[in-house]
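Q: data_25.tsv is the file, holding TSV, C-alpha atoms:
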chain	number	residue	atom	x	y	z
J	20	MET	CA	0.00	0.00	0.00
J	21	LYS	CA	1.26	3.37	-0.84
J	22	HIS	CA	1.03	6.23	1.56
J	23	LYS	CA	0.72	9.86	0.66
J	24	PRO	CA	3.26	12.24	2.10
J	25	GLY	CA	2.17	13.32	5.55
J	26	GLY	CA	1.48	9.78	6.75
J	27	LYS	CA	-2.18	9.60	5.66
J	28	ARG	CA	-3.57	6.74	3.66
J	29	SER	CA	-5.20	7.27	0.38
J	30	GLY	CA	-8.96	6.97	0.24
J	31	SER	CA	-8.87	3.95	-2.04
J	32	ALA	CA	-6.45	2.04	0.22
J	33	PHE	CA	-8.71	2.66	3.22
J	34	HIS	CA	-11.73	1.40	1.31
J	35	GLN	CA	-9.82	-1.74	0.35
J	36	ASP	CA	-9.28	-2.51	4.05
J	37	ILE	CA	-13.03	-2.40	4.87
J	38	PRO	CA	-13.89	-5.76	3.24
J	39	LEU	CA	-10.87	-7.31	4.94
J	40	GLN	CA	-12.00	-5.97	8.33
J	41	ARG	CA	-15.52	-7.21	7.70
J	42	LEU	CA	-14.19	-10.65	6.74
J	43	LYS	CA	-12.09	-10.79	9.94
J	44	GLN	CA	-15.10	-9.78	12.05
J	45	GLN	CA	-17.28	-12.45	10.43
J	46	GLN	CA	-14.59	-15.07	11.03
J	47	LEU	CA	-14.31	-14.00	14.66
J	48	ASN	CA	-18.10	-14.17	15.08
J	49	ARG	CA	-18.22	-17.69	13.58
J	50	GLU	CA	-15.42	-18.95	15.80
J	51	SER	CA	-16.83	-17.43	18.98
J	52	GLY	CA	-20.38	-18.61	18.30
J	53	MET	CA	-21.79	-15.08	18.13
J	54	LYS	CA	-24.66	-14.34	15.82
J	55	GLY	CA	-24.91	-10.98	14.20
J	56	ASN	CA	-23.79	-7.97	16.16
J	57	GLU	CA	-24.07	-9.34	19.69
J	58	GLU	CA	-22.29	-7.61	22.49
J	59	PHE	CA	-20.50	-9.39	25.27
J	60	ALA	CA	-19.15	-6.40	27.17
J	61	ALA	CA	-21.99	-6.45	29.73
J	62	GLU	CA	-21.07	-9.94	30.91
J	63	SER	CA	-17.45	-9.00	31.42
J	64	SER	CA	-18.04	-5.72	33.22
J	65	PRO	CA	-17.24	-5.43	36.96
J	66	LEU	CA	-20.83	-4.42	37.75
J	67	HIS	CA	-22.14	-7.63	36.24
J	68	LEU	CA	-19.68	-9.65	38.32
J	69	LEU	CA	-20.80	-7.88	41.51
J	70	GLN	CA	-24.45	-8.59	40.70
J	71	PHE	CA	-23.61	-12.24	39.97
J	72	ARG	CA	-21.80	-12.55	43.32
J	73	ARG	CA	-24.76	-11.00	45.19
J	74	GLU	CA	-27.20	-13.42	43.56
J	75	ARG	CA	-24.93	-16.36	44.32
J	76	THR	CA	-24.60	-15.39	48.01
J	77	ARG	CA	-28.37	-14.87	48.25
J	78	THR	CA	-28.99	-18.29	46.76
J	79	ALA	CA	-26.44	-19.91	49.07
J	80	ALA	CA	-27.92	-18.18	52.12
J	81	ALA	CA	-31.45	-19.20	51.11
J	82	SER	CA	-30.40	-22.82	50.67
J	83	ARG	CA	-28.76	-22.80	54.10
J	84	VAL	CA	-31.92	-21.40	55.73
J	85	GLU	CA	-34.32	-23.73	53.92
J	86	GLN	CA	-32.37	-26.92	54.67
J	87	PRO	CA	-31.50	-27.17	58.37
J	88	ASP	CA	-28.98	-29.75	59.44
J	89	PRO	CA	-30.93	-32.85	60.55
J	90	ALA	CA	-28.25	-33.93	63.02
J	91	ALA	CA	-28.27	-30.56	64.78
J	92	SER	CA	-32.07	-30.49	64.73
J	93	ALA	CA	-32.34	-33.93	66.30
J	94	SER	CA	-29.96	-32.99	69.10
J	95	TYR	CA	-32.41	-30.30	70.29
J	96	ARG	CA	-35.46	-32.56	70.27
J	97	TRP	CA	-35.23	-32.95	74.05
J	98	LEU	CA	-35.67	-29.18	74.36
J	99	GLY	CA	-38.95	-29.31	72.44
J	100	TYR	CA	-40.29	-32.22	74.49
J	101	THR	CA	-39.30	-30.53	77.75
J	102	ALA	CA	-41.13	-27.38	76.72
J	103	LEU	CA	-44.20	-29.39	75.72
J	104	ILE	CA	-44.29	-31.24	79.05
J	105	LEU	CA	-43.97	-27.93	80.92
J	106	ALA	CA	-46.78	-26.45	78.82
J	107	VAL	CA	-49.16	-29.32	79.59
J	108	LEU	CA	-48.28	-29.17	83.28
J	109	SER	CA	-48.90	-25.41	83.27
J	110	LEU	CA	-52.55	-26.10	82.42
J	111	MET	CA	-52.89	-27.86	85.81
J	112	VAL	CA	-50.44	-26.30	88.27
J	113	LEU	CA	-48.48	-23.04	88.53
J	114	PRO	CA	-49.58	-21.55	85.21
J	115	VAL	CA	-47.59	-18.33	85.64
J	116	LEU	CA	-44.29	-20.05	86.32
J	117	LEU	CA	-44.63	-23.12	84.10
J	118	GLY	CA	-46.54	-21.38	81.28
J	119	SER	CA	-44.01	-18.60	80.84
J	120	THR	CA	-41.12	-21.08	81.11
J	121	ALA	CA	-42.75	-23.38	78.55
J	122	ALA	CA	-43.30	-20.46	76.17
J	123	LEU	CA	-39.68	-19.33	76.50
J	124	ILE	CA	-38.16	-22.80	76.08
J	125	GLY	CA	-40.61	-23.53	73.27
J	126	PHE	CA	-39.45	-20.42	71.47
J	127	PHE	CA	-35.83	-21.57	71.78
J	128	ALA	CA	-36.79	-25.02	70.49
J	129	PHE	CA	-38.62	-23.41	67.57
J	130	MET	CA	-35.58	-21.34	66.64
J	131	LEU	CA	-33.22	-24.33	66.93
J	132	GLY	CA	-35.17	-26.46	64.47
J	133	GLN	CA	-37.90	-28.20	66.46
J	134	ARG	CA	-40.62	-26.11	64.87
J	135	THR	CA	-43.70	-28.20	65.67
J	136	LEU	CA	-42.83	-28.96	69.28
J	137	GLY	CA	-41.76	-25.37	69.86
J	138	ALA	CA	-44.90	-23.88	68.35
J	139	TRP	CA	-47.20	-26.15	70.37
J	140	SER	CA	-45.29	-25.42	73.56
J	141	VAL	CA	-45.49	-21.66	73.04
J	142	ALA	CA	-49.19	-21.80	72.21
J	143	ILE	CA	-50.18	-24.02	75.15
J	144	GLY	CA	-47.95	-22.09	77.57
J	145	LEU	CA	-49.43	-18.74	76.51
J	146	ILE	CA	-52.98	-20.14	76.70
J	147	ALA	CA	-52.33	-21.34	80.27
J	148	LEU	CA	-50.83	-17.96	81.18
J	149	ALA	CA	-53.73	-16.00	79.63
J	150	GLY	CA	-56.26	-18.31	81.24
J	151	TYR	CA	-54.74	-17.66	84.65
J	152	PHE	CA	-54.91	-13.89	84.25
J	153	VAL	CA	-58.48	-14.00	82.91
J	154	LEU	CA	-59.90	-16.51	85.41
J	155	MET	CA	-58.06	-15.45	88.57
J	156	PRO	CA	-59.95	-12.14	88.99
J	157	LEU	CA	-63.25	-14.02	88.68
J	158	LEU	CA	-62.34	-16.35	91.57
J	159	THR	CA	-61.38	-13.60	94.02
Hey, can you dump this file as structure tokens for me?

A:
Amino acid sequence: MKHKPGGKRSGSAFHQDIPLQRLKQQQLNRESGMKGNEEFAAESSPLHLLQFRRERTRTAAASRVEQPDPAASASYRWLGYTALILAVLSLMVLPVLLGSTAALIGFFAFMLGQRTLGAWSVAIGLIALAGYFVLMPLLT
């Protein structure tokens, strides 16, 4: 290719390079699997990587919350049963002391994985406690 003085290319030489550039771009698109004029800059930007990391940590955190460890859950089963026994006893004797204790221990059991036992213990304990405060004024 000949250059004009001053370092600029001639107009015809520049136009001859356009088909060559187009051919190279088409070859690159075929080899990379791109169709047409697709862009891939968004996937390689730092903002996209940050968003991907946030989604991945959210997914990992959600999977950890949804699937509690069965071995750890089974080790706290005694806590749920203790709370349930205290809740049933609170219906008969010492409702203030046993009902509030059953509700508190039932809440701990609920948070540690024994959801059913904990929920029943809290409900029965609070019913015994409320029953005491409603019925006691009527007896005196």

Q: Contacts of Thr120 of chain J at 8 Å or less, counting all atoms listed in the file, minus same-chain residues fewer than 4 places along, as a PyMOL selection string?

A: chain J and resi 102+105+116+124+144

Q: Could you write out the selected residues, including C-alpha atoms, as a short mmCIF file (atom, residue, chain, number, x, y, z; two decimals), in the coordinates of the input?

A:
data_model
loop_
_atom_site.label_atom_id
_atom_site.label_comp_id
_atom_site.auth_asym_id
_atom_site.auth_seq_id
_atom_site.Cartn_x
_atom_site.Cartn_y
_atom_site.Cartn_z
CA ALA J 102 -41.13 -27.38 76.72
CA LEU J 105 -43.97 -27.93 80.92
CA LEU J 116 -44.29 -20.05 86.32
CA ILE J 124 -38.16 -22.80 76.08
CA GLY J 144 -47.95 -22.09 77.57
#

Q: Atom CA of Ala149 of chain J and atom CA of Thr101 of chain J, how far apart in Å?

A: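 These atoms are spaced 20.6 Å apart.
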
Q: Select, from J:Leu98, J:Leu123, J:Ala106, J:Lys43, the residue with the minimum atom-to-atom distance to Trp139 of chain J, counting only C-alpha atoms.

A: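 Answer, going by the shortest atom-to-atom distance: J:Ala106.
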
Q: What lies within 7 Å of Val141 of chain J using all atoms listed in the file, ignoring chain neighbours under 2 positions off, as a VMD selection string?

A: chain J and resid 121 to 122 125 to 126 137 to 139 143 to 145
